[in-house]
Amino acid sequence: MNDVIGELTPPQRLMLTPGPSCMDPRVYRALAAPLVGHVDPWFTEMMSDVQILLRRVFQTKNRITFPISASGSGGIEAAVMNPLEAGEECIVCVNGAFSERMAIIAERIPAKVTRVEAPLGRTVDPQDVLRAGKGRKIKFVGLAHGETSTGVVQRIDDYRKVADELGALLVVDTVATLAGIPLDVDGQRIDICFSGTQKAISAPPGMAPITVNARVEELMRARKEPVRSWYFDLTPTMSYWGQERTYHHTPPISLIYALREALRLVLEEGLDARCERHARNQQAMIAGLEAMGVMPLVSNPADRLVTVTAVKIPEGIDDGKVRQQLLNEFNIEISGGFGALKGKIWRVGLMGYSSQKGNVLLFLAALEKTLLDQGLRVSAGAGVAAAIHSYQQATQPAVAGAKK
Ligand SMILES: *Cc1c(COP(=O)(O)O)cnc(C)c1O
């Protein structure tokens with residue numbers, strides 16, 4: 001008996017954060033499956049299943065498609081370091097902390113990085129990108145599809161057009177969007193696209209699915225210098241995930257099991273239905289929050305990231321106290337703001353398994369009680385009532401162009 005450290009008993013939380021999201025019981029069961037070796041023929045066979053599933057979710061035929069053994073930030077690292085060589089130029093659309101991270105990583109190569117910025121809560125103007133890059137040799141234009149720090153979504157097609165005019169690659173961070181918002185890697189001609197597993201995919205954190213097209217493969221072969229990171233060099237990793245299955249590093253086997261099951265769940269539901277569910281639940285939640293006087297940070301509804309909603313903390317309300325009460329009294333976790341937005345906004349994630357009607361209604365009721373306890377004058381029940389009304393009104397598809 002170990003009388004120093006007790007048995008591990010985590011609380012049962014409802015994670016309504018920008019990740020990790022809650023997981024389906026099937027994903028927990030996959031995590032507990034017996035471990036095998038990473039070059040065991042059974043495992044190397046199973047790796048192909050994961051790649052097939054990932055290609056379907058990314059909507060791509062790219063050969064190089066696999067989960068990197070690292071969190072979403074490792075995805076940024078790989079996406080930036082593989083195409084870009086020291087001294088080359090890139091443009092990063094910076095509208096928050098995660099797109100800024102992409103710029104910082106590129107600077108460490110060191111590359112010449114031009115940031116094209118937008119105020120917090122807004123999208124970057126593609127014309128600004130074009131003006132910044134005109135007449136220069138730009139290797140890639142990088143952006144966050146969903147900028148989780150501010151709850152903003154950007155229209156990939158607009159940046160693809162600009163990247164084409166500049167003769168540049170398009171690198172897109174879909175950590176917060178893959179499997180929650182429509183994305184079509186081949187159709188939208190994204191050259192390098194990466195994601196994370198703990199957001200709308202609802203698998204454990206610790207992997208970064210990535211996909212890279214033939215044009216990038218070509219560039220990688222033509223590099224003058226090796227990639228400056230051994231671990232994130234995609235070429236040897238791809239020998240492990242490719243035909244050869246040559247050892248590079250030991251992958252997180254149990255996490256790969258879990259990812260396989262989470263991806264199966266995504267495809268069982270269907271991408272269109274899944275995106276529709278995410279949009280519908282966010283619509284109802286925003287209706288409820290607005291009814292309580294908690295307003296979205298992003299003023300243009302079309303720019304709101306469906307998976308993560310940023311809302312302004314009402315005047316006189318203490319950020320920390322509210323989040324603490326939600327956690328202690330209701331086991332609900334939401335997030336605060338980053339940097340300049342710290343203490344000013346809450347970020348509420350409705351991602352993957354967390355995006356459920358019941359969770360929306362529970363959260364609104366819990367927040368209402370909390371805000372009343374903290375002295376805000378809201379009329380009890382207004383938030384829940386508005387959300388119910390939103391669900392009842394919902395006859396049109398919430399996602400533009402979604403199939404019925
Ligand atoms: C969460 C997130 C990341 C970072 O992922 P980690 O798993 O925390 O490293 C990167 N980009 C975006 C858009 C994110 O939402």
# chains A, B, ... in the order shown; residues from 1 in each chain; ligands from 1

$ residues_around --residues "Pro126 of chain A" --least-positions-apart "6" --cutoff "7 Å" --atoms "only C-alpha atoms" --output "PyMOL selection string"
chain A and resi 158-159+162

$ write_last_selection --atoms "N, CA and C atoms" --output "mmCIF file, in the first residue's frame"
data_model
loop_
_atom_site.group_PDB
_atom_site.id
_atom_site.type_symbol
_atom_site.label_atom_id
_atom_site.label_comp_id
_atom_site.auth_asym_id
_atom_site.auth_seq_id
_atom_site.Cartn_x
_atom_site.Cartn_y
_atom_site.Cartn_z
ATOM 1 N N ASP A 158 -9.751 32.792 -49.769
ATOM 2 C CA ASP A 158 -9.247 34.146 -50.037
ATOM 3 C C ASP A 158 -7.706 34.194 -49.970
ATOM 4 N N TYR A 159 -7.154 33.440 -49.040
ATOM 5 C CA TYR A 159 -5.687 33.439 -48.874
ATOM 6 C C TYR A 159 -5.028 32.551 -49.922
ATOM 7 N N VAL A 162 -4.528 34.697 -52.968
ATOM 8 C CA VAL A 162 -3.400 35.607 -52.789
ATOM 9 C C VAL A 162 -2.072 34.833 -52.864
#

$ residues_around --residues "segment 43-56 of chain A" --least-positions-apart "3" --cutoff "8 Å" --atoms "only C-alpha atoms" --output "MDAnalysis selection string"
chainID A and resid 36:40 59:62 65:66 209 241 245 256 259:260 263:264 267

$ closest_atom_pairs --of "segment 214-284 of chain A" --to "segment 175-181 of chain A" --cutoff "9 Å" --atoms "only C-alpha atoms" --output "JSON lines"
{"residue": "A:Leu263", "atom": "CA", "partner": "A:Ala179", "partner_atom": "CA", "distance": 8.9}
{"residue": "A:Val266", "atom": "CA", "partner": "A:Ala179", "partner_atom": "CA", "distance": 6.9}
{"residue": "A:Leu271", "atom": "CA", "partner": "A:Ala179", "partner_atom": "CA", "distance": 6.5}
{"residue": "A:Asp272", "atom": "CA", "partner": "A:Ile181", "partner_atom": "CA", "distance": 8.7}
{"residue": "A:Arg274", "atom": "CA", "partner": "A:Gly180", "partner_atom": "CA", "distance": 6.4}
{"residue": "A:Cys275", "atom": "CA", "partner": "A:Gly180", "partner_atom": "CA", "distance": 4.9}
{"residue": "A:Glu276", "atom": "CA", "partner": "A:Ile181", "partner_atom": "CA", "distance": 8.3}
{"residue": "A:Arg277", "atom": "CA", "partner": "A:Gly180", "partner_atom": "CA", "distance": 8.5}
{"residue": "A:His278", "atom": "CA", "partner": "A:Gly180", "partner_atom": "CA", "distance": 6.2}
{"residue": "A:Ala279", "atom": "CA", "partner": "A:Ile181", "partner_atom": "CA", "distance": 8.1}

$ select_by_dssp --residues "segment 193-341 of chain A" --states "alpha helix (DSSP H)" --output "mmCIF file with C-alpha atoms, in the first residue's frame"
data_model
loop_
_atom_site.group_PDB
_atom_site.id
_atom_site.type_symbol
_atom_site.label_atom_id
_atom_site.label_comp_id
_atom_site.auth_asym_id
_atom_site.auth_seq_id
_atom_site.Cartn_x
_atom_site.Cartn_y
_atom_site.Cartn_z
ATOM 1 C CA ALA A 214 3.263 16.557 -53.783
ATOM 2 C CA ARG A 215 4.469 20.106 -54.451
ATOM 3 C CA VAL A 216 5.825 20.306 -50.910
ATOM 4 C CA GLU A 217 7.332 16.821 -51.100
ATOM 5 C CA GLU A 218 9.214 18.049 -54.153
ATOM 6 C CA LEU A 219 10.475 21.127 -52.308
ATOM 7 C CA MET A 220 11.556 18.999 -49.371
ATOM 8 C CA ARG A 221 13.633 16.807 -51.682
ATOM 9 C CA LEU A 234 9.051 14.944 -41.988
ATOM 10 C CA THR A 235 11.194 12.972 -44.425
ATOM 11 C CA PRO A 236 12.484 10.263 -42.012
ATOM 12 C CA THR A 237 9.204 10.233 -40.097
ATOM 13 C CA MET A 238 7.506 9.520 -43.369
ATOM 14 C CA SER A 239 9.745 6.491 -43.864
ATOM 15 C CA TYR A 240 8.166 5.126 -40.695
ATOM 16 C CA TRP A 241 4.625 6.044 -41.756
ATOM 17 C CA ILE A 253 0.965 3.861 -29.467
ATOM 18 C CA SER A 254 -1.976 4.165 -27.058
ATOM 19 C CA LEU A 255 -2.749 7.649 -28.340
ATOM 20 C CA ILE A 256 -2.791 6.307 -31.875
ATOM 21 C CA TYR A 257 -5.342 3.682 -30.817
ATOM 22 C CA ALA A 258 -7.472 6.445 -29.360
ATOM 23 C CA LEU A 259 -7.102 8.609 -32.447
ATOM 24 C CA ARG A 260 -8.186 5.711 -34.646
ATOM 25 C CA GLU A 261 -11.401 5.335 -32.663
ATOM 26 C CA ALA A 262 -12.030 9.096 -32.551
ATOM 27 C CA LEU A 263 -11.632 9.327 -36.337
ATOM 28 C CA ARG A 264 -13.990 6.392 -36.800
ATOM 29 C CA LEU A 265 -16.545 8.313 -34.747
ATOM 30 C CA VAL A 266 -16.048 11.408 -36.918
ATOM 31 C CA LEU A 267 -16.710 9.453 -40.101
ATOM 32 C CA GLU A 268 -19.605 7.472 -38.632
ATOM 33 C CA GLU A 269 -21.326 10.765 -37.893
ATOM 34 C CA LEU A 271 -18.346 15.419 -41.766
ATOM 35 C CA ASP A 272 -21.370 17.436 -42.911
ATOM 36 C CA ALA A 273 -23.554 16.301 -40.031
ATOM 37 C CA ARG A 274 -20.747 16.939 -37.588
ATOM 38 C CA CYS A 275 -20.153 20.473 -38.828
ATOM 39 C CA GLU A 276 -23.886 21.108 -38.741
ATOM 40 C CA ARG A 277 -24.047 19.915 -35.112
ATOM 41 C CA HIS A 278 -21.178 22.218 -34.129
ATOM 42 C CA ALA A 279 -22.784 25.221 -35.832
ATOM 43 C CA ARG A 280 -26.232 24.534 -34.400
ATOM 44 C CA ASN A 281 -24.982 24.202 -30.822
ATOM 45 C CA GLN A 282 -22.909 27.369 -31.054
ATOM 46 C CA GLN A 283 -25.900 29.283 -32.437
ATOM 47 C CA ALA A 284 -28.025 28.212 -29.482
ATOM 48 C CA MET A 285 -25.274 29.010 -26.996
ATOM 49 C CA ILE A 286 -24.715 32.495 -28.409
ATOM 50 C CA ALA A 287 -28.467 33.157 -28.308
ATOM 51 C CA GLY A 288 -28.444 32.143 -24.645
ATOM 52 C CA LEU A 289 -25.386 34.202 -23.751
ATOM 53 C CA GLU A 290 -26.722 37.291 -25.507
ATOM 54 C CA ALA A 291 -30.003 36.941 -23.613
ATOM 55 C CA ASP A 319 -13.135 36.555 -14.438
ATOM 56 C CA GLY A 320 -11.385 34.294 -11.925
ATOM 57 C CA LYS A 321 -14.313 34.058 -9.505
ATOM 58 C CA VAL A 322 -16.759 33.041 -12.220
ATOM 59 C CA ARG A 323 -14.504 30.389 -13.690
ATOM 60 C CA GLN A 324 -13.701 29.054 -10.220
ATOM 61 C CA GLN A 325 -17.369 28.783 -9.302
ATOM 62 C CA LEU A 326 -18.216 27.044 -12.581
ATOM 63 C CA LEU A 327 -15.485 24.532 -11.863
ATOM 64 C CA ASN A 328 -16.170 23.987 -8.165
ATOM 65 C CA GLU A 329 -19.941 24.012 -8.220
ATOM 66 C CA PHE A 330 -20.662 22.510 -11.639
#

$ atom_distance --atom1 "atom CA of Lys342 of chain A" --atom2 "atom CA of Gly74 of chain A"
24.8 Å

$ residues_near_ligand --ligand "ligand 1" --cutoff "6 Å" --atoms "only C-alpha atoms and all ligand atoms" --output "list in words"
Ser71, Gly72, Ser73, Phe98, Ala144, Gly146, Glu147, Thr148, Asp173, Val175, Ala176 and Gly196 of chain A

$ residues_around --residues "Ser149 of chain A" --least-positions-apart "3" --cutoff "10 Å" --atoms "only C-alpha atoms" --output "list in words"
Pro18, Asn95, Gly96, Ala97, Phe98, Ser99, Leu120, Gly121, Gly146, Val152, Val308, Thr309, Ala310, Ser335, Gly336, Gly337, Phe338, Gly339, Leu341, Ile345, Trp346 and Arg347 of chain A

$ closest_residue --among "A:Arg63, A:Arg13, A:Lys134, A:Lys139" --to "Gly242 of chain A" --atoms "only C-alpha atoms"
A:Arg63
